[in-house]
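Text of query.cif (mmCIF, C-alpha atoms and all ligand atoms) as supplied:
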```
data_start
loop_
_atom_site.label_atom_id
_atom_site.label_comp_id
_atom_site.auth_asym_id
_atom_site.auth_seq_id
_atom_site.Cartn_x
_atom_site.Cartn_y
_atom_site.Cartn_z
CA MET A 30 148.77 -91.23 171.46
CA LYS A 31 146.80 -93.33 169.06
CA SER A 32 143.85 -95.12 170.64
CA TYR A 33 142.92 -98.53 169.31
CA LEU A 34 139.58 -98.56 171.08
CA ARG A 35 136.68 -99.25 168.76
CA GLU A 36 134.56 -96.22 167.91
CA GLN A 37 131.46 -97.70 169.58
CA HIS A 38 133.20 -97.82 172.97
CA ARG A 39 134.69 -94.33 172.94
CA SER A 40 131.68 -92.71 174.54
CA LEU A 41 131.22 -95.38 177.22
CA PRO A 42 130.19 -93.58 180.40
CA ALA A 43 132.37 -94.10 183.48
CA TYR A 44 130.90 -95.67 186.60
CA VAL A 45 131.63 -93.37 189.52
CA PRO A 46 132.13 -95.43 192.67
CA GLY A 47 132.08 -93.93 196.16
CA THR A 48 135.43 -92.55 197.40
CA HIS A 49 137.64 -95.48 198.41
CA ASP A 50 139.58 -94.71 201.58
CA GLU A 51 140.43 -97.42 204.09
CA SER A 52 142.54 -95.21 206.36
CA ASP A 53 142.01 -95.51 210.11
CA GLY A 54 139.29 -93.28 211.43
CA VAL A 55 137.47 -92.94 208.13
CA LEU A 56 133.73 -93.66 208.22
CA ARG A 57 132.80 -95.41 204.99
CA LEU A 58 129.08 -94.68 204.72
CA ASN A 59 129.18 -94.36 200.93
CA THR A 60 129.34 -97.83 199.35
CA ASN A 61 126.62 -99.84 201.11
CA GLU A 62 129.09 -102.34 202.53
CA SER A 63 128.41 -104.24 205.75
CA PRO A 64 130.19 -102.79 208.78
CA TYR A 65 130.42 -106.32 210.21
CA ARG A 66 133.31 -108.63 209.39
CA PRO A 67 132.81 -112.07 207.84
CA SER A 68 132.00 -114.94 210.21
CA VAL A 69 134.79 -117.13 211.61
CA GLU A 70 133.62 -119.95 209.32
CA VAL A 71 134.31 -117.75 206.28
CA LEU A 72 137.79 -116.85 207.50
CA GLU A 73 138.49 -120.58 208.00
CA ALA A 74 137.05 -121.49 204.60
CA VAL A 75 139.29 -118.92 202.89
CA ALA A 76 142.33 -120.20 204.82
CA ARG A 77 141.53 -123.79 203.75
CA GLU A 78 141.52 -122.81 200.09
CA ILE A 79 144.82 -120.92 200.07
CA PRO A 80 147.11 -123.98 199.79
CA ARG A 81 144.94 -125.25 196.90
CA LEU A 82 145.20 -122.15 194.75
CA ASN A 83 147.34 -124.06 192.23
CA TYR A 84 144.16 -125.93 191.21
CA TYR A 85 141.42 -124.43 189.11
CA ASN A 86 138.16 -123.78 190.88
CA ASP A 87 135.02 -125.80 190.10
CA PRO A 88 133.59 -124.06 187.00
CA ASP A 89 130.09 -125.33 187.85
CA CYS A 90 130.26 -124.07 191.47
CA THR A 91 128.36 -127.22 192.43
CA GLU A 92 128.82 -127.14 196.22
CA LEU A 93 128.14 -123.44 196.36
CA ARG A 94 125.00 -123.71 194.24
CA ALA A 95 123.83 -126.65 196.39
CA ALA A 96 124.30 -124.55 199.55
CA ILE A 97 122.46 -121.59 198.00
CA SER A 98 119.65 -123.83 196.76
CA ARG A 99 119.17 -125.27 200.28
CA LYS A 100 119.12 -121.80 201.81
CA GLU A 101 116.65 -120.44 199.23
CA GLY A 102 114.42 -123.52 199.00
CA VAL A 103 115.03 -124.04 195.27
CA GLU A 104 116.85 -126.70 193.24
CA LEU A 105 120.50 -126.74 192.17
CA ASP A 106 119.61 -126.00 188.55
CA ASN A 107 117.68 -122.90 189.57
CA VAL A 108 120.94 -121.23 190.63
CA LEU A 109 123.83 -119.62 188.74
CA ALA A 110 126.81 -118.10 190.58
CA GLY A 111 128.79 -115.11 189.39
CA ASN A 112 131.80 -112.94 190.20
CA GLY A 113 129.76 -110.43 192.17
CA SER A 114 126.15 -109.75 191.25
CA ASP A 115 127.46 -107.15 188.81
CA GLN A 116 128.67 -110.04 186.68
CA VAL A 117 125.29 -111.80 186.84
CA LEU A 118 123.61 -108.54 185.82
CA GLN A 119 126.04 -108.05 182.96
CA LEU A 120 125.51 -111.62 181.72
CA ALA A 121 121.74 -111.16 181.87
CA PHE A 122 121.97 -107.98 179.79
CA LEU A 123 124.11 -109.87 177.26
CA ALA A 124 121.85 -112.93 177.22
CA PHE A 125 118.37 -111.41 177.27
CA ALA A 126 118.61 -107.90 175.74
CA GLY A 127 120.39 -106.37 172.77
CA PRO A 128 120.29 -103.63 170.13
CA ASP A 129 116.88 -104.96 169.03
CA CYS A 130 115.59 -105.71 172.54
CA PRO A 131 115.59 -102.61 174.74
CA ILE A 132 115.65 -102.43 178.52
CA TYR A 133 113.00 -100.66 180.59
CA LEU A 134 114.13 -99.38 183.96
CA PRO A 135 113.36 -96.65 186.50
CA ASP A 136 114.82 -93.18 185.87
CA ILE A 137 116.42 -93.28 189.33
CA THR A 138 118.18 -96.56 189.95
CA TYR A 139 121.52 -98.40 190.16
CA SER A 140 123.76 -96.61 187.69
CA TYR A 141 125.82 -99.62 186.60
CA TYR A 142 122.85 -100.74 184.47
CA ASP A 143 123.64 -97.78 182.19
CA LEU A 144 127.15 -99.03 181.58
CA PHE A 145 126.19 -102.58 180.72
CA ALA A 146 123.56 -101.24 178.32
CA ALA A 147 126.06 -98.88 176.69
CA LEU A 148 128.63 -101.67 176.37
CA TYR A 149 126.20 -103.97 174.57
CA GLN A 150 124.44 -101.17 172.66
CA ILE A 151 121.12 -101.86 174.31
CA PRO A 152 118.61 -98.97 174.06
CA LEU A 153 117.34 -97.84 177.46
CA HIS A 154 113.83 -96.61 178.23
CA ARG A 155 113.85 -94.79 181.55
CA ILE A 156 110.46 -94.83 183.22
CA PRO A 157 110.11 -91.98 185.73
CA LEU A 158 109.40 -92.96 189.31
CA ARG A 159 106.44 -91.11 190.81
CA GLU A 160 107.06 -87.74 192.45
CA ASP A 161 107.51 -89.51 195.82
CA PHE A 162 110.10 -91.90 194.26
CA THR A 163 107.78 -94.93 194.35
CA LEU A 164 107.69 -97.20 191.29
CA CYS A 165 104.34 -97.51 189.52
CA PRO A 166 103.97 -101.17 188.38
CA ALA A 167 101.34 -100.23 185.76
CA ASP A 168 104.00 -98.18 183.91
CA TYR A 169 105.69 -101.49 183.01
CA SER A 170 102.70 -103.19 181.34
CA ASN A 171 103.64 -104.77 177.99
CA ALA A 172 106.95 -102.95 178.06
CA GLY A 173 108.31 -104.42 174.81
CA GLY A 174 111.72 -105.39 176.17
CA MET A 175 113.56 -106.65 179.21
CA ILE A 176 112.60 -105.00 182.50
CA VAL A 177 115.21 -104.34 185.18
CA PHE A 178 114.82 -102.85 188.63
CA PRO A 179 116.26 -103.34 192.09
CA ASN A 180 113.79 -104.29 194.82
CA PRO A 181 114.31 -102.52 197.18
CA ASN A 182 115.36 -99.81 194.74
CA ALA A 183 118.69 -98.05 195.03
CA PRO A 184 119.34 -95.33 196.09
CA THR A 185 115.80 -94.74 197.40
CA GLY A 186 115.43 -97.91 199.50
CA LEU A 187 111.73 -98.12 198.54
CA ALA A 188 110.34 -101.58 197.77
CA LEU A 189 107.51 -103.21 195.85
CA THR A 190 105.48 -106.05 197.36
CA ARG A 191 105.65 -109.54 195.87
CA ALA A 192 102.12 -109.08 194.50
CA GLU A 193 103.17 -105.88 192.70
CA VAL A 194 106.17 -107.63 191.11
CA ALA A 195 103.89 -110.53 190.10
CA GLY A 196 101.72 -108.01 188.27
CA ILE A 197 104.72 -106.82 186.25
CA LEU A 198 105.69 -110.44 185.44
CA GLU A 199 102.13 -111.23 184.41
CA ALA A 200 102.03 -108.23 182.07
CA ASN A 201 105.30 -109.13 180.29
CA PRO A 202 105.30 -112.85 179.45
CA ASP A 203 107.49 -112.38 176.37
CA HIS A 204 110.41 -110.69 178.10
CA VAL A 205 112.71 -111.31 181.02
CA VAL A 206 111.98 -109.34 184.17
CA LEU A 207 115.16 -108.98 186.22
CA VAL A 208 114.59 -108.22 189.90
CA ASP A 209 117.84 -107.16 191.55
CA GLU A 210 117.48 -108.17 195.20
CA ALA A 211 120.87 -106.84 196.36
CA TYR A 212 119.21 -105.31 199.46
CA VAL A 213 116.31 -107.68 200.08
CA ASP A 214 117.71 -109.02 203.38
CA PHE A 215 117.20 -105.64 205.05
CA GLY A 216 113.40 -105.78 205.06
CA GLY A 217 112.28 -106.42 201.48
CA GLU A 218 109.99 -109.21 200.25
CA THR A 219 111.77 -111.68 197.97
CA VAL A 220 110.15 -112.90 194.76
CA VAL A 221 112.14 -116.18 194.65
CA PRO A 222 108.93 -118.18 195.37
CA LEU A 223 107.59 -116.92 192.00
CA ILE A 224 110.25 -118.53 189.77
CA GLU A 225 108.19 -121.61 188.93
CA THR A 226 105.07 -119.59 188.12
CA TYR A 227 106.92 -117.07 185.95
CA PRO A 228 109.56 -118.52 183.58
CA ASN A 229 110.51 -114.94 182.66
CA LEU A 230 111.66 -114.07 186.21
CA LEU A 231 115.36 -113.70 187.03
CA VAL A 232 116.19 -112.81 190.62
CA VAL A 233 119.72 -111.49 191.20
CA ARG A 234 121.32 -111.56 194.65
CA THR A 235 124.67 -110.64 196.17
CA PHE A 236 126.77 -111.69 199.15
CA SER A 237 128.32 -108.19 199.18
CA LYS A 238 125.84 -106.53 201.52
CA SER A 239 124.08 -108.87 203.97
CA GLY A 240 126.85 -111.46 203.46
CA SER A 241 129.75 -109.14 204.49
CA LEU A 242 131.72 -110.29 201.43
CA ALA A 243 132.00 -107.26 199.13
CA GLY A 244 135.77 -107.68 198.75
CA LEU A 245 135.63 -111.28 197.55
CA ARG A 246 133.01 -110.76 194.81
CA LEU A 247 130.16 -113.27 194.90
CA GLY A 248 126.63 -113.02 193.56
CA TYR A 249 124.02 -115.32 192.08
CA GLY A 250 120.94 -115.54 189.94
CA ILE A 251 117.81 -117.61 190.62
CA GLY A 252 115.25 -118.49 187.98
CA CYS A 253 113.49 -121.37 186.28
CA LYS A 254 115.81 -124.06 184.95
CA GLN A 255 115.62 -122.98 181.31
CA LEU A 256 116.43 -119.37 182.13
CA ILE A 257 119.40 -120.42 184.25
CA ALA A 258 120.65 -122.86 181.59
CA ASP A 259 120.49 -120.05 179.01
CA LEU A 260 122.38 -117.71 181.30
CA ALA A 261 124.97 -120.41 182.07
CA LYS A 262 125.57 -120.86 178.35
CA VAL A 263 126.56 -117.21 178.06
CA ARG A 264 128.53 -117.25 181.32
CA ASN A 265 130.55 -120.25 180.20
CA ALA A 266 131.46 -118.46 177.00
CA VAL A 267 132.57 -115.33 178.88
CA ASP A 268 134.11 -116.37 182.19
CA LEU A 269 133.99 -120.10 182.92
CA TYR A 270 136.15 -119.86 186.06
CA GLY A 271 134.75 -116.52 187.21
CA VAL A 272 133.93 -117.52 190.79
CA ASN A 273 137.26 -118.18 192.52
CA ARG A 274 137.90 -120.96 195.07
CA MET A 275 137.84 -118.66 198.09
CA ALA A 276 134.58 -117.05 197.04
CA GLN A 277 132.93 -120.45 196.45
CA ALA A 278 134.02 -121.80 199.84
CA SER A 279 132.99 -118.57 201.56
CA GLY A 280 129.54 -118.68 199.99
CA VAL A 281 129.02 -122.22 201.32
CA ALA A 282 130.12 -121.10 204.80
CA ILE A 283 127.79 -118.10 204.71
CA CYS A 284 124.78 -120.19 203.70
CA GLU A 285 125.54 -122.73 206.42
CA ASN A 286 125.96 -120.04 209.10
CA TRP A 287 123.22 -117.73 207.92
CA LYS A 288 122.08 -116.94 211.47
CA TYR A 289 125.19 -114.81 212.11
CA TYR A 290 124.33 -112.77 209.01
CA GLU A 291 120.64 -112.58 209.80
CA ASP A 292 121.50 -111.16 213.24
CA ASN A 293 123.73 -108.55 211.62
CA CYS A 294 120.93 -107.60 209.21
CA ARG A 295 118.58 -107.13 212.15
CA ARG A 296 121.18 -104.93 213.87
CA ILE A 297 121.58 -102.86 210.71
CA MET A 298 117.80 -102.45 210.35
CA ASP A 299 117.50 -101.30 213.99
CA THR A 300 120.36 -98.85 213.56
CA ARG A 301 118.83 -97.65 210.29
CA ASP A 302 115.51 -96.90 211.95
CA LEU A 303 117.16 -95.07 214.87
CA THR A 304 119.29 -93.04 212.44
CA ALA A 305 116.22 -92.16 210.38
CA TYR A 306 114.49 -90.95 213.53
CA ALA A 307 117.48 -88.80 214.53
CA LEU A 308 117.67 -87.27 211.04
CA CYS A 309 113.92 -86.50 211.02
CA GLU A 310 114.36 -84.75 214.37
CA MET A 311 116.94 -82.52 212.66
CA GLY A 312 114.44 -81.65 209.95
CA PHE A 313 115.66 -84.03 207.24
CA THR A 314 113.15 -85.73 204.96
CA VAL A 315 113.92 -89.46 205.06
CA LEU A 316 112.39 -92.12 202.81
CA PRO A 317 111.23 -95.33 204.54
CA SER A 318 114.16 -97.51 203.50
CA ARG A 319 114.25 -101.29 203.30
CA GLY A 320 117.94 -101.30 202.41
CA ASN A 321 121.13 -100.97 204.46
CA PHE A 322 121.13 -97.25 203.64
CA LEU A 323 118.94 -94.17 203.95
CA PHE A 324 117.99 -91.70 201.25
CA ALA A 325 117.61 -88.39 203.03
CA ARG A 326 117.15 -84.71 202.15
CA PRO A 327 118.76 -82.31 204.60
CA ALA A 328 117.11 -79.06 205.64
CA GLY A 329 118.96 -75.78 206.04
CA ILE A 330 121.96 -76.91 203.99
CA SER A 331 122.32 -78.31 200.49
CA ALA A 332 123.03 -82.03 200.15
CA ALA A 333 126.29 -81.29 198.30
CA ASP A 334 127.47 -78.91 201.04
CA LEU A 335 126.64 -81.36 203.79
CA GLN A 336 128.46 -84.13 201.93
CA GLY A 337 131.53 -81.87 201.58
CA LYS A 338 131.49 -80.84 205.25
CA LEU A 339 131.13 -84.45 206.38
CA ALA A 340 134.02 -85.46 204.10
CA GLU A 341 136.21 -82.82 205.82
CA ARG A 342 135.61 -84.88 208.99
CA ASP A 343 136.43 -88.13 207.18
CA ILE A 344 132.79 -89.19 207.04
CA PHE A 345 131.92 -90.23 203.50
CA VAL A 346 128.33 -90.39 202.25
CA ARG A 347 127.04 -90.53 198.69
CA HIS A 348 125.60 -87.64 196.68
CA PHE A 349 124.15 -88.17 193.21
CA SER A 350 123.94 -85.15 190.94
CA GLY A 351 120.92 -85.01 188.62
CA PRO A 352 117.74 -83.00 188.81
CA ARG A 353 115.74 -85.41 190.98
CA THR A 354 118.51 -86.60 193.30
CA GLU A 355 120.74 -83.57 193.84
CA ASP A 356 118.94 -82.52 197.04
CA TRP A 357 119.41 -85.95 198.63
CA LEU A 358 122.17 -88.02 200.21
CA ARG A 359 122.48 -91.78 200.38
CA ILE A 360 123.85 -92.79 203.74
CA THR A 361 125.02 -96.36 204.32
CA ILE A 362 124.16 -97.77 207.73
CA GLY A 363 127.24 -98.67 209.77
CA THR A 364 127.38 -99.89 213.35
CA ALA A 365 125.38 -98.09 216.04
CA GLU A 366 128.65 -96.35 217.09
CA ASP A 367 129.37 -95.27 213.49
CA MET A 368 125.91 -93.78 213.15
CA ALA A 369 126.14 -91.95 216.48
CA ILE A 370 129.32 -90.26 215.17
CA PHE A 371 127.56 -89.44 211.91
CA VAL A 372 124.47 -87.99 213.62
CA ASP A 373 126.62 -85.90 216.01
CA ALA A 374 128.62 -84.56 213.06
CA CYS A 375 125.39 -83.59 211.25
CA LYS A 376 124.12 -81.79 214.37
CA ASP A 377 127.39 -79.96 214.71
CA ILE A 378 127.46 -78.90 211.05
CA LEU A 379 123.80 -77.83 211.03
CA GLY A 380 124.24 -75.96 214.32
CA ALA A 381 127.07 -73.98 212.78
CA GLU A 382 125.06 -73.03 209.66
N1 LIG B 1 122.80 -104.17 192.52
C1 LIG B 1 122.65 -103.05 193.24
C2 LIG B 1 121.32 -102.40 193.29
C3 LIG B 1 123.75 -102.51 193.93
O1 LIG B 1 123.61 -101.38 194.63
C4 LIG B 1 125.00 -103.16 193.85
C5 LIG B 1 126.21 -102.68 194.61
N2 LIG B 1 126.61 -101.43 194.47
C6 LIG B 1 125.10 -104.30 193.08
C7 LIG B 1 123.98 -104.78 192.42
C8 LIG B 1 126.42 -104.99 192.85
O2 LIG B 1 126.89 -105.69 193.92
P1 LIG B 1 128.07 -106.74 193.78
O3 LIG B 1 128.61 -106.70 192.38
O4 LIG B 1 129.06 -106.33 194.80
O5 LIG B 1 127.45 -108.07 194.06
#
```
Please go through the file and, once you have read it, give me the structure as structure tokens.
Amino acid sequence: MKSYLREQHRSLPAYVPGTHDESDGVLRLNTNESPYRPSVEVLEAVAREIPRLNYYNDPDCTELRAAISRKEGVELDNVLAGNGSDQVLQLAFLAFAGPDCPIYLPDITYSYYDLFAALYQIPLHRIPLREDFTLCPADYSNAGGMIVFPNPNAPTGLALTRAEVAGILEANPDHVVLVDEAYVDFGGETVVPLIETYPNLLVVRTFSKSGSLAGLRLGYGIGCKQLIADLAKVRNAVDLYGVNRMAQASGVAICENWKYYEDNCRRIMDTRDLTAYALCEMGFTVLPSRGNFLFARPAGISAADLQGKLAERDIFVRHFSGPRTEDWLRITIGTAEDMAIFVDACKDILGAE
């Protein structure tokens, strides 16, 4: 059949998400979701919005942005909301990079960045992480384009300190530095307090992980007022009503009941550290993660084989092919019970090898 797709889009790479299976008994340790359900206040907020779905949502997301600004200690005009943080990332690529303004990013990182860059024909410069997967801030001095990295990084879980990020901002005053803080609530150090000092800083956050809201799609950006106004200009041209009523109301409820979510984050961090210990005991190499996942290299079995054998038991974890990542698995942290099942399955599989 004839394809009408423009030539430039024909070679767009495909994003490969983790296997989606919500059947009973399946352990979903492959998409970095929260194992904890939304708070009661979120369920009530969603229910309240349902009878009002005939009305458009507030395109400015004013109440939501006010709630986020109170939670983060910034002003309303420092915040822009988006349909998942993926949308905020995409808008930032569109607004601040382009065919003549490349993006500098780590060689091992969140793979959706590749797609946005391909879509907007933005050249990518991949800067290799060190051998131990840490990011070397000096490699980003005077980069000559927009800089993008998650902090903590994905899938490694390794994080830079605020001072290290400040060094990168200092060394790149002419370009936007996008710090993707999707996983910051699991032990990272946020750089939000730097937005007034560095007008080139854009912090991107999501409610999908620590906010237990992956299925409703809500993310946000924080930056100085000019940066946010510029981003809003692009957003309003692309997707004015992008953040639906239920997502806006849920975001307000999450901000106002943050303690519930903070407690869940603490639980996830404790479970993560216990799981890391159990894996080390089995001979795995485990990076010190500050995310809601572990990046671990099994011993005595290849990562791909272990992933396959776990999948046969309905336990899904993530494996990334590629020369530097193929020996490793990314394992999302579920509840303590989930992780006990996972660890027992690993012991069983390794014992049988
Ligand atoms: N950034 C990173 C580093 C991620 O891992 C993810 C989720 N896979 C996202 C952003 C996107 O999250 P969401 O669109 O659900 O907010």
9 Å from ligand LIG 1 (chain B) is the threshold here; counting all atoms listed in the file, which polymer residues fall inside it? Answer as a PyMOL selection string. chain A and resi 46+60-62+111-118+138-142+178-184+209-212+233-238+242-249
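You will find atom CA of A:Val281 at 25.1 Å from atom CA of A:Gly363.
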Dump as an mmCIF file with C-alpha atoms, in the frame of the given file all residues having an atom at most 10 Å from (126.8, -79.8, 196.4), computed in the file's coordinates with only C-alpha atoms.
```cif
data_model
loop_
_atom_site.group_PDB
_atom_site.id
_atom_site.type_symbol
_atom_site.label_atom_id
_atom_site.label_comp_id
_atom_site.auth_asym_id
_atom_site.auth_seq_id
_atom_site.Cartn_x
_atom_site.Cartn_y
_atom_site.Cartn_z
ATOM 1 C CA ILE A 330 121.960 -76.910 203.990
ATOM 2 C CA SER A 331 122.320 -78.310 200.490
ATOM 3 C CA ALA A 332 123.030 -82.030 200.150
ATOM 4 C CA ALA A 333 126.290 -81.290 198.300
ATOM 5 C CA ASP A 334 127.470 -78.910 201.040
ATOM 6 C CA LEU A 335 126.640 -81.360 203.790
ATOM 7 C CA GLN A 336 128.460 -84.130 201.930
ATOM 8 C CA GLY A 337 131.530 -81.870 201.580
ATOM 9 C CA HIS A 348 125.600 -87.640 196.680
ATOM 10 C CA PHE A 349 124.150 -88.170 193.210
ATOM 11 C CA SER A 350 123.940 -85.150 190.940
ATOM 12 C CA GLU A 355 120.740 -83.570 193.840
ATOM 13 C CA ASP A 356 118.940 -82.520 197.040
ATOM 14 C CA TRP A 357 119.410 -85.950 198.630
#
```
Considering all atoms listed in the file, return as number ranges by chain whatever protein or nucleic-acid residues lie within 7 Å of stretch 78-89 of chain A, sequence-local ones (same chain, fewer than 2 positions apart) excluded. A: 74-76, 91, 269-270, 273-275
Tell me, as JSON, numbers by chain, which residues lie within 9 Å of A:Glu70, counting only C-alpha atoms; anything in the same chain fewer than 2 positions away does not count. {"A": [67, 68, 72, 73, 74, 75, 279, 282, 283, 286]}
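Picture a line from atom CA of A:Pro128 to atom CA of A:His154; it runs 12.5 Å.
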